[in-house]
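Text of model-v2.cif, listed as mmCIF, C-alpha atoms:
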data_run
loop_
_atom_site.label_atom_id
_atom_site.label_comp_id
_atom_site.auth_asym_id
_atom_site.auth_seq_id
_atom_site.Cartn_x
_atom_site.Cartn_y
_atom_site.Cartn_z
CA MET A 1 -8.13 -75.92 27.10
CA PRO A 2 -7.82 -72.12 26.65
CA THR A 3 -5.45 -70.31 28.90
CA VAL A 4 -6.40 -67.44 31.17
CA ARG A 5 -4.79 -64.94 28.78
CA GLU A 6 -6.80 -66.25 25.80
CA ARG A 7 -10.05 -66.03 27.77
CA SER A 8 -9.31 -62.47 28.81
CA VAL A 9 -8.81 -61.15 25.25
CA PRO A 10 -12.51 -61.15 24.23
CA ARG A 11 -13.41 -59.39 27.46
CA ALA A 12 -10.83 -56.66 26.76
CA ALA A 13 -11.95 -56.28 23.15
CA GLY A 14 -15.59 -56.07 24.10
CA ARG A 15 -15.01 -53.49 26.78
CA ARG A 16 -16.35 -50.08 25.73
CA ARG A 17 -14.82 -46.74 26.63
CA PRO A 18 -17.21 -44.53 28.57
CA PRO A 19 -18.36 -41.35 26.77
CA PRO A 20 -16.28 -38.27 27.50
CA THR A 21 -17.64 -35.98 30.14
CA GLY A 22 -16.72 -32.53 31.35
CA ARG A 23 -16.75 -29.00 29.95
CA SER A 24 -14.57 -29.70 26.91
CA GLY A 25 -16.03 -33.06 25.89
CA GLY A 26 -19.81 -32.62 25.98
CA ARG A 27 -21.91 -31.15 23.22
CA GLY A 28 -22.68 -28.02 25.20
CA GLY A 29 -19.01 -27.55 26.12
CA ALA A 30 -17.97 -27.91 22.48
CA GLY A 31 -20.49 -25.28 21.43
CA ARG A 32 -19.31 -22.87 24.07
CA GLY A 33 -15.69 -23.52 23.14
CA THR A 34 -16.44 -22.78 19.48
CA LEU A 35 -18.41 -19.60 20.17
CA TRP A 36 -16.17 -18.10 22.83
CA PRO A 37 -13.32 -16.87 20.52
CA TYR A 38 -15.84 -15.04 18.34
CA LEU A 39 -17.34 -13.36 21.38
CA LEU A 40 -13.88 -12.20 22.45
CA ILE A 41 -13.06 -10.56 19.12
CA ALA A 42 -16.58 -9.23 18.48
CA PRO A 43 -16.00 -5.80 20.16
CA ALA A 44 -12.83 -5.18 18.12
CA VAL A 45 -14.47 -6.30 14.87
CA LEU A 46 -17.58 -4.18 15.48
CA GLY A 47 -15.48 -1.15 16.36
CA MET A 48 -13.34 -1.60 13.25
CA LEU A 49 -16.42 -1.98 11.04
CA TYR A 50 -17.92 1.17 12.52
CA LEU A 51 -14.74 3.20 11.99
CA LEU A 52 -14.34 1.95 8.42
CA LEU A 53 -17.86 1.53 7.09
CA TYR A 54 -19.59 4.53 8.65
CA PRO A 55 -17.30 7.17 7.05
CA LEU A 56 -17.53 5.34 3.73
CA ALA A 57 -21.34 5.17 3.89
CA ARG A 58 -21.49 8.83 4.94
CA ALA A 59 -19.27 9.87 2.03
CA VAL A 60 -21.41 7.88 -0.40
CA LEU A 61 -24.55 9.59 0.90
CA ILE A 62 -23.04 13.08 0.68
CA SER A 63 -21.90 12.42 -2.90
CA PHE A 64 -25.57 12.11 -3.89
CA GLN A 65 -26.64 15.29 -2.08
CA ASP A 66 -26.30 19.05 -2.44
CA PHE A 67 -24.02 19.38 0.58
CA ARG A 68 -22.22 22.68 1.17
CA LEU A 69 -21.44 24.81 4.20
CA ARG A 70 -25.11 25.65 4.81
CA GLN A 71 -26.09 22.00 4.77
CA LEU A 72 -23.17 21.17 7.04
CA ILE A 73 -24.52 23.59 9.66
CA LEU A 74 -28.28 23.20 9.26
CA GLY A 75 -28.40 19.61 8.07
CA ASP A 76 -31.05 20.10 5.35
CA ALA A 77 -29.17 18.44 2.51
CA ARG A 78 -31.16 17.75 -0.64
CA PHE A 79 -30.83 14.60 -2.74
CA VAL A 80 -29.61 15.41 -6.26
CA GLY A 81 -28.85 11.95 -7.66
CA LEU A 82 -25.87 11.70 -9.99
CA ARG A 83 -25.50 15.45 -10.54
CA ASN A 84 -22.20 15.70 -8.66
CA TYR A 85 -20.71 12.80 -10.63
CA ARG A 86 -21.85 14.35 -13.93
CA THR A 87 -20.26 17.64 -12.88
CA LEU A 88 -16.94 15.97 -12.17
CA LEU A 89 -16.92 13.73 -15.23
CA GLY A 90 -17.77 16.70 -17.44
CA ASP A 91 -14.94 18.84 -16.02
CA PRO A 92 -11.73 18.74 -18.14
CA GLY A 93 -9.76 19.72 -15.04
CA PHE A 94 -10.85 16.51 -13.31
CA TRP A 95 -9.58 14.36 -16.17
CA GLU A 96 -6.30 16.25 -16.10
CA VAL A 97 -5.98 15.32 -12.43
CA VAL A 98 -6.74 11.68 -13.28
CA ARG A 99 -4.05 11.70 -15.97
CA ARG A 100 -1.55 13.28 -13.58
CA THR A 101 -2.43 10.71 -10.93
CA PHE A 102 -1.65 7.78 -13.21
CA VAL A 103 1.58 9.42 -14.42
CA PHE A 104 2.58 10.05 -10.80
CA MET A 105 1.77 6.44 -9.90
CA ALA A 106 3.67 5.00 -12.88
CA VAL A 107 6.82 7.05 -12.26
CA ASN A 108 6.88 6.16 -8.58
CA VAL A 109 6.16 2.45 -9.02
CA VAL A 110 8.76 1.97 -11.76
CA ALA A 111 11.43 3.77 -9.72
CA ILE A 112 10.52 1.88 -6.53
CA MET A 113 10.55 -1.57 -8.12
CA VAL A 114 13.80 -1.01 -10.04
CA LEU A 115 15.68 0.41 -7.06
CA SER A 116 14.31 -2.10 -4.57
CA THR A 117 15.21 -5.02 -6.85
CA LEU A 118 18.76 -3.73 -7.24
CA VAL A 119 19.08 -3.18 -3.49
CA ALA A 120 17.76 -6.68 -2.77
CA LEU A 121 20.19 -8.27 -5.24
CA MET A 122 23.07 -6.27 -3.78
CA THR A 123 22.12 -7.20 -0.22
CA GLU A 124 22.03 -10.90 -1.09
CA ARG A 125 25.62 -10.75 -2.32
CA LEU A 126 27.06 -8.85 0.65
CA GLY A 127 28.85 -10.37 3.59
CA ARG A 128 27.13 -10.90 6.89
CA ALA A 129 28.32 -7.65 8.52
CA ALA A 130 27.60 -5.47 5.48
CA ARG A 131 24.21 -7.15 5.02
CA THR A 132 23.30 -6.37 8.62
CA VAL A 133 24.24 -2.71 8.13
CA VAL A 134 22.18 -2.40 4.94
CA LEU A 135 19.10 -4.12 6.38
CA SER A 136 19.31 -2.06 9.58
CA SER A 137 19.55 1.14 7.53
CA LEU A 138 16.51 0.14 5.48
CA VAL A 139 14.50 -0.56 8.62
CA LEU A 140 15.49 2.81 10.12
CA VAL A 141 14.44 4.66 6.96
CA TRP A 142 11.18 2.73 6.90
CA ALA A 143 10.51 3.67 10.54
CA VAL A 144 10.78 7.44 9.98
CA PRO A 145 7.31 9.04 10.32
CA VAL A 146 5.84 10.41 7.11
CA VAL A 147 5.43 13.97 8.35
CA ALA A 148 8.95 14.04 9.78
CA ALA A 149 10.46 12.80 6.51
CA THR A 150 8.43 15.32 4.53
CA THR A 151 9.65 18.15 6.77
CA VAL A 152 13.26 17.04 6.30
CA PHE A 153 12.85 17.10 2.52
CA GLN A 154 11.31 20.56 2.73
CA TRP A 155 14.39 21.85 4.54
CA LEU A 156 16.78 20.02 2.21
CA PHE A 157 15.34 21.89 -0.78
CA HIS A 158 14.71 25.20 0.99
CA SER A 159 15.61 28.11 -1.28
CA GLU A 160 17.72 29.96 1.31
CA PHE A 161 18.76 27.43 3.96
CA GLY A 162 18.62 24.16 2.03
CA ILE A 163 21.73 22.02 1.83
CA VAL A 164 20.93 21.02 -1.77
CA ASN A 165 21.25 24.58 -3.06
CA GLU A 166 24.39 25.12 -0.99
CA THR A 167 25.99 21.93 -2.30
CA LEU A 168 25.15 22.68 -5.93
CA THR A 169 26.43 26.22 -5.57
CA GLY A 170 29.64 24.94 -4.02
CA LEU A 171 30.12 22.60 -6.97
CA GLY A 172 30.02 25.55 -9.35
CA PHE A 173 26.34 25.64 -10.34
CA GLU A 174 25.80 29.30 -9.52
CA SER A 175 22.31 29.32 -11.02
CA TYR A 176 21.08 27.24 -8.07
CA GLU A 177 21.89 29.89 -5.50
CA GLY A 178 18.55 30.65 -3.85
CA TYR A 179 16.74 28.45 -6.39
CA PRO A 180 13.05 28.12 -5.41
CA TRP A 181 12.41 24.43 -5.95
CA PHE A 182 8.81 24.48 -4.81
CA ALA A 183 7.92 27.39 -7.09
CA HIS A 184 8.46 25.29 -10.24
CA GLY A 185 6.00 22.54 -11.08
CA GLY A 186 8.48 20.06 -12.50
CA ALA A 187 10.92 20.49 -9.62
CA ALA A 188 8.18 20.12 -6.99
CA PHE A 189 6.83 17.03 -8.76
CA GLY A 190 10.31 15.49 -8.80
CA ILE A 191 10.90 16.21 -5.10
CA VAL A 192 7.61 14.55 -4.14
CA VAL A 193 8.50 11.53 -6.27
CA ALA A 194 11.95 11.34 -4.65
CA LEU A 195 10.38 11.49 -1.18
CA ILE A 196 7.85 8.71 -1.85
CA VAL A 197 10.47 6.51 -3.51
CA TRP A 198 12.84 7.04 -0.58
CA GLN A 199 10.12 6.01 1.86
CA SER A 200 8.88 3.03 -0.17
CA VAL A 201 12.11 1.33 -1.25
CA PRO A 202 12.93 -0.15 2.22
CA PHE A 203 9.74 -2.23 2.45
CA ALA A 204 9.98 -3.44 -1.14
CA ALA A 205 13.71 -4.20 -0.89
CA ILE A 206 13.41 -6.16 2.35
CA THR A 207 10.46 -8.16 1.00
CA LEU A 208 12.25 -8.98 -2.24
CA TYR A 209 15.42 -9.89 -0.35
CA SER A 210 13.39 -12.32 1.76
CA ALA A 211 12.18 -13.94 -1.46
CA LEU A 212 15.68 -14.07 -2.96
CA VAL A 213 17.14 -16.04 -0.06
CA THR A 214 14.61 -18.83 -0.74
CA VAL A 215 16.00 -19.51 -4.23
CA PRO A 216 18.15 -22.69 -4.11
CA THR A 217 21.83 -22.03 -4.80
CA GLU A 218 22.01 -25.21 -6.88
CA LEU A 219 19.97 -23.52 -9.59
CA TYR A 220 22.46 -20.66 -9.77
CA GLU A 221 25.36 -23.09 -10.01
CA SER A 222 23.68 -25.08 -12.78
CA ALA A 223 22.92 -21.91 -14.75
CA ARG A 224 26.51 -20.67 -14.46
CA MET A 225 27.83 -24.08 -15.53
CA ASP A 226 25.68 -23.75 -18.64
CA GLY A 227 27.35 -20.42 -19.41
CA ALA A 228 24.51 -18.10 -18.41
CA GLY A 229 25.46 -14.54 -17.49
CA ALA A 230 24.08 -12.48 -14.62
CA ALA A 231 21.24 -11.01 -16.66
CA ARG A 232 20.24 -14.43 -18.04
CA VAL A 233 20.36 -15.99 -14.57
CA PHE A 234 18.07 -13.31 -13.20
CA ARG A 235 15.67 -13.56 -16.14
CA SER A 236 15.51 -17.36 -16.32
CA VAL A 237 16.09 -18.49 -12.74
CA THR A 238 15.63 -15.76 -10.15
CA PHE A 239 12.64 -13.82 -11.44
CA PRO A 240 10.38 -16.83 -12.21
CA LEU A 241 10.84 -18.06 -8.63
CA ILE A 242 10.26 -14.71 -6.92
CA ARG A 243 7.54 -13.56 -9.33
CA PRO A 244 4.62 -14.09 -6.89
CA VAL A 245 6.32 -11.95 -4.25
CA PHE A 246 7.36 -9.42 -6.89
CA MET A 247 3.77 -9.09 -8.13
CA LEU A 248 2.52 -8.73 -4.56
CA VAL A 249 4.97 -5.90 -3.84
CA LEU A 250 4.17 -4.28 -7.18
CA SER A 251 0.44 -4.31 -6.44
CA LEU A 252 0.92 -2.89 -2.94
CA GLU A 253 3.13 -0.10 -4.26
CA VAL A 254 0.53 0.76 -6.90
CA ILE A 255 -2.14 1.04 -4.22
CA TRP A 256 -0.02 3.01 -1.74
CA THR A 257 1.29 5.40 -4.40
CA PHE A 258 -2.16 5.91 -5.90
CA LYS A 259 -3.54 7.14 -2.60
CA ALA A 260 -0.52 9.22 -1.55
CA PHE A 261 -1.79 12.31 0.24
CA VAL A 262 0.16 13.24 3.36
CA GLN A 263 3.47 13.90 1.62
CA ILE A 264 1.91 16.12 -1.04
CA TRP A 265 -0.39 17.97 1.35
CA VAL A 266 2.35 18.75 3.86
CA MET A 267 4.96 19.69 1.24
CA THR A 268 3.11 21.51 -1.55
CA ARG A 269 -0.67 21.26 -0.93
CA GLY A 270 -0.97 20.32 -4.58
CA GLY A 271 1.00 23.28 -5.92
CA PRO A 272 2.55 25.16 -7.49
CA GLY A 273 -0.58 25.61 -9.50
CA GLU A 274 -1.80 22.03 -9.85
CA ALA A 275 1.57 20.43 -10.63
CA THR A 276 1.37 17.96 -7.73
CA THR A 277 -2.41 17.65 -7.43
CA ILE A 278 -3.53 14.02 -7.65
CA LEU A 279 -6.96 12.59 -6.92
CA PRO A 280 -6.81 12.41 -3.08
CA VAL A 281 -5.45 15.97 -2.93
CA TYR A 282 -8.04 17.13 -5.45
CA ALA A 283 -10.87 15.71 -3.35
CA VAL A 284 -9.67 17.52 -0.23
CA GLN A 285 -9.11 20.78 -2.11
CA THR A 286 -12.59 20.64 -3.60
CA ALA A 287 -14.21 19.91 -0.24
CA LEU A 288 -12.27 22.41 1.89
CA ALA A 289 -11.24 25.28 -0.37
CA GLY A 290 -14.50 25.47 -2.32
CA GLN A 291 -16.70 24.18 0.53
CA ARG A 292 -18.17 21.73 -1.97
CA TYR A 293 -18.31 18.71 0.28
CA ASP A 294 -20.59 16.95 -2.20
CA LEU A 295 -18.10 17.24 -5.07
CA GLY A 296 -15.26 16.27 -2.74
CA SER A 297 -17.14 13.15 -1.67
CA ALA A 298 -17.92 12.30 -5.29
CA ALA A 299 -14.24 12.66 -6.17
CA SER A 300 -13.36 10.38 -3.26
CA MET A 301 -15.85 7.77 -4.45
CA LEU A 302 -14.42 7.87 -7.96
CA THR A 303 -10.97 7.40 -6.41
CA VAL A 304 -12.31 4.38 -4.51
CA LEU A 305 -13.72 2.95 -7.74
CA LEU A 306 -10.38 3.34 -9.50
CA MET A 307 -8.62 1.76 -6.54
CA SER A 308 -11.14 -1.09 -6.57
CA GLY A 309 -10.28 -1.69 -10.22
CA VAL A 310 -6.61 -1.96 -9.27
CA LEU A 311 -7.50 -4.41 -6.48
CA VAL A 312 -9.60 -6.53 -8.85
CA LEU A 313 -6.69 -6.77 -11.27
CA TYR A 314 -4.37 -7.69 -8.42
CA PHE A 315 -6.61 -10.45 -7.04
CA ARG A 316 -7.19 -11.86 -10.52
CA GLN A 317 -3.44 -12.07 -11.03
CA LEU A 318 -3.00 -13.60 -7.57
CA PHE A 319 -5.66 -16.26 -8.13
CA ARG A 320 -4.26 -17.05 -11.58
CA GLN A 321 -0.82 -17.61 -10.08
CA GLU A 322 -2.27 -19.85 -7.40
CA GLY A 323 -4.08 -21.84 -10.06
CA GLU A 324 -0.87 -22.33 -12.04
CA GLN A 325 0.97 -23.75 -9.05
CA PRO A 326 1.04 -27.58 -8.94
#
Full structure transcribed into structure tokens:
Amino acid sequence: MPTVRERSVPRAAGRRRPPPTGRSGGRGGAGRGTLWPYLLIAPAVLGMLYLLLYPLARAVLISFQDFRLRQLILGDARFVGLRNYRTLLGDPGFWEVVRRTFVFMAVNVVAIMVLSTLVALMTERLGRAARTVVLSSLVLVWAVPVVAATTVFQWLFHSEFGIVNETLTGLGFESYEGYPWFAHGGAAFGIVVALIVWQSVPFAAITLYSALVTVPTELYESARMDGAGAARVFRSVTFPLIRPVFMLVLSLEVIWTFKAFVQIWVMTRGGPGEATTILPVYAVQTALAGQRYDLGSAASMLTVLLMSGVLVLYFRQLFRQEGEQP
């Protein structure tokens, strides 16, 4: 004869749980819960799209028009098709600016990546107190506003009151007394490069240091037991493990250096002559100095196309690395 407990088991197993009710459980509540976050962020997204897409669309439209000071005032711009692009692409001066832009980008990126890698490796080997000092100094340099840092560099290399000329003169280099750094193309180019490298190294060094601390110490010990030197350890152990982060930093530095404008415009405005004129500066000079807003917009669009090519290469490399990972 079954016991009471055995008779109660089928009843418990056959008992069904009532359907969930309330705001979060019903179909209507789930729909509202899914839609509500998008409604909250919709104003910010729409505002961001307006601020980003409208100027871009306006610049694209102007690049296909005859748009000068008269059209800016009266608003009777005439569509001219690809004439502005043909004018730029047929100008040898424009291709000289493109060449200078890539040289400027290459010099900056190589200097930034080499120095930031060395700083990251040095920081990893320091003690706790020294590491804190170095990282704090990098963060402080990174936090300096661009215009403020540019102004400081202007005063450092001032021909009469600059501390660089005074220091070099005190060391016996009499030819640098009153030396006009910004009147010579090569000197001005070097100062701008030094400024951008000084501003960019902190971010790259901190990011690479964060990647270095993730490398297991056991791999270093095994490599040293096998007789590998410092260079071989970095080439065979460290770099393969931090390569994704290294490529990410490299791509970001290429993009940021390619579109450098504020430092050059505040310090030299592209001079002396055109020694420091790169594509973003060239676009602004063409639009403002010559009042050729159509050519300036076309130059900006060509800059965007070149930047898009850099981004495509970066994303291809990123996706390839992700595909190689197990």
For the provided coordinates, the residues matched by the PyMOL selection byres ((chain A and resi 96-101) around 9) should be stated as a PyMOL selection string.
chain A and resi 92-95+102-106+258+274-279+282
How would you write, as a list in words, the residues chosen by the PyMOL selection byres ((chain A and resi 123) around 10) on this structure?
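Checking the PyMOL selection byres ((chain A and resi 123) around 10) against this file, the residues are Thr117, Leu118, Val119, Ala120, Leu121, Met122, Glu124, Arg125, Leu126, Gly127, Arg128, Ala130, Arg131, Thr132, Val133, Val134, Leu135, Ala205, Ile206, Tyr209 and Leu212 of chain A.
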Residue neighbourhood stretch 147-164 of chain A, 8 Å, all atoms listed in the file, exclusion window fewer than 6 positions, as a PDB file with C-alpha atoms, in the coordinates of the input:
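Writing done, so here's around18.pdb:
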ATOM      1  CA  GLU A 177      21.890  29.890  -5.500  1.00  0.00           C
ATOM      2  CA  GLY A 178      18.550  30.650  -3.850  1.00  0.00           C
ATOM      3  CA  TYR A 179      16.740  28.450  -6.390  1.00  0.00           C
ATOM      4  CA  PRO A 180      13.050  28.120  -5.410  1.00  0.00           C
ATOM      5  CA  TRP A 181      12.410  24.430  -5.950  1.00  0.00           C
ATOM      6  CA  ILE A 191      10.900  16.210  -5.100  1.00  0.00           C
ATOM      7  CA  LEU A 195      10.380  11.490  -1.180  1.00  0.00           C
ATOM      8  CA  VAL A 262       0.160  13.240   3.360  1.00  0.00           C
ATOM      9  CA  GLN A 263       3.470  13.900   1.620  1.00  0.00           C
ATOM     10  CA  VAL A 266       2.350  18.750   3.860  1.00  0.00           C
ATOM     11  CA  MET A 267       4.960  19.690   1.240  1.00  0.00           C
TER      12      MET A 267
END
Name the closest residue to A:Arg83 among the candidates A:Ile62, A:Ala204, A:Leu248, A:Val110; distances are taken between atoms, counting only C-alpha atoms.
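Using only C-alpha atoms, A:Arg83 sits closest to A:Ile62.
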Suppose you want the space between atom CA of A:Asn108 and atom CA of A:Gly229; what is it in Å?
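According to the coordinates, atom CA of A:Asn108 and atom CA of A:Gly229 are separated by 29.2 Å.
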Among the residues A:Val237, A:Ala299, A:Val144, A:Val197, the one that comes closest to A:Thr257 [using all atoms listed in the file]
A:Val197
Using all atoms listed in the file, can you list as a ChimeraX atom specification the residues within 12 Å of (-24.4, 9.3, 0.9)?
/A:53-67,77-82,84,293-295,297-298,300-301
Selection above as a file: C-alpha atoms, as a PDB file, in the frame of the given file:
ATOM      1  CA  LEU A  53     -17.860   1.530   7.090  1.00  0.00           C
ATOM      2  CA  TYR A  54     -19.590   4.530   8.650  1.00  0.00           C
ATOM      3  CA  PRO A  55     -17.300   7.170   7.050  1.00  0.00           C
ATOM      4  CA  LEU A  56     -17.530   5.340   3.730  1.00  0.00           C
ATOM      5  CA  ALA A  57     -21.340   5.170   3.890  1.00  0.00           C
ATOM      6  CA  ARG A  58     -21.490   8.830   4.940  1.00  0.00           C
ATOM      7  CA  ALA A  59     -19.270   9.870   2.030  1.00  0.00           C
ATOM      8  CA  VAL A  60     -21.410   7.880  -0.400  1.00  0.00           C
ATOM      9  CA  LEU A  61     -24.550   9.590   0.900  1.00  0.00           C
ATOM     10  CA  ILE A  62     -23.040  13.080   0.680  1.00  0.00           C
ATOM     11  CA  SER A  63     -21.900  12.420  -2.900  1.00  0.00           C
ATOM     12  CA  PHE A  64     -25.570  12.110  -3.890  1.00  0.00           C
ATOM     13  CA  GLN A  65     -26.640  15.290  -2.080  1.00  0.00           C
ATOM     14  CA  ASP A  66     -26.300  19.050  -2.440  1.00  0.00           C
ATOM     15  CA  PHE A  67     -24.020  19.380   0.580  1.00  0.00           C
ATOM     16  CA  ALA A  77     -29.170  18.440   2.510  1.00  0.00           C
ATOM     17  CA  ARG A  78     -31.160  17.750  -0.640  1.00  0.00           C
ATOM     18  CA  PHE A  79     -30.830  14.600  -2.740  1.00  0.00           C
ATOM     19  CA  VAL A  80     -29.610  15.410  -6.260  1.00  0.00           C
ATOM     20  CA  GLY A  81     -28.850  11.950  -7.660  1.00  0.00           C
ATOM     21  CA  LEU A  82     -25.870  11.700  -9.990  1.00  0.00           C
ATOM     22  CA  ASN A  84     -22.200  15.700  -8.660  1.00  0.00           C
ATOM     23  CA  TYR A 293     -18.310  18.710   0.280  1.00  0.00           C
ATOM     24  CA  ASP A 294     -20.590  16.950  -2.200  1.00  0.00           C
ATOM     25  CA  LEU A 295     -18.100  17.240  -5.070  1.00  0.00           C
ATOM     26  CA  SER A 297     -17.140  13.150  -1.670  1.00  0.00           C
ATOM     27  CA  ALA A 298     -17.920  12.300  -5.290  1.00  0.00           C
ATOM     28  CA  SER A 300     -13.360  10.380  -3.260  1.00  0.00           C
ATOM     29  CA  MET A 301     -15.850   7.770  -4.450  1.00  0.00           C
TER      30      MET A 301
END
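Atom pair atom CA of A:Val141 / atom CA of A:Trp198: separated by 8.1 Å.
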One decimal, in Å: what's the spacing between atom CA of A:Val192 and atom CA of A:Ile264?
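Computing it gives 6.7 Å between the two atoms.
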List the neighbours of A:Arg232 out to 10 Å using only C-alpha atoms; skip same-chain residues closer than 6 positions along the sequence, and give me the result as a ChimeraX atom specification.
/A:223-224,238
Would you put the residues from that selection into a file with C-alpha atoms, as a JSON list (two decimals), in the frame of the given file?
[["chain", "number", "residue", "atom", "x", "y", "z"],
["A", 223, "ALA", "CA", 22.92, -21.91, -14.75],
["A", 224, "ARG", "CA", 26.51, -20.67, -14.46],
["A", 238, "THR", "CA", 15.63, -15.76, -10.15]]
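Proximity of A:Ala228, A:Leu51, A:Leu241, A:Leu46 to A:Pro216, computed with all atoms listed in the file, is greatest for A:Leu241.
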Kindly indicate which residue among A:Ile112, A:Leu88, A:Ala183, A:Val312 lies nearest to A:Thr286, using only C-alpha atoms for the distances.
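Using only C-alpha atoms, A:Thr286 sits closest to A:Leu88.
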Edge lengths and centre in Å, axis-aligned, stretch 199-207 of chain A plus 5 Å each side, as lines of an AutoDock Vina configuration file:
center_x = 11.3
center_y = -1.1
center_z = 0.6
size_x = 14.8
size_y = 24.2
size_z = 13.7
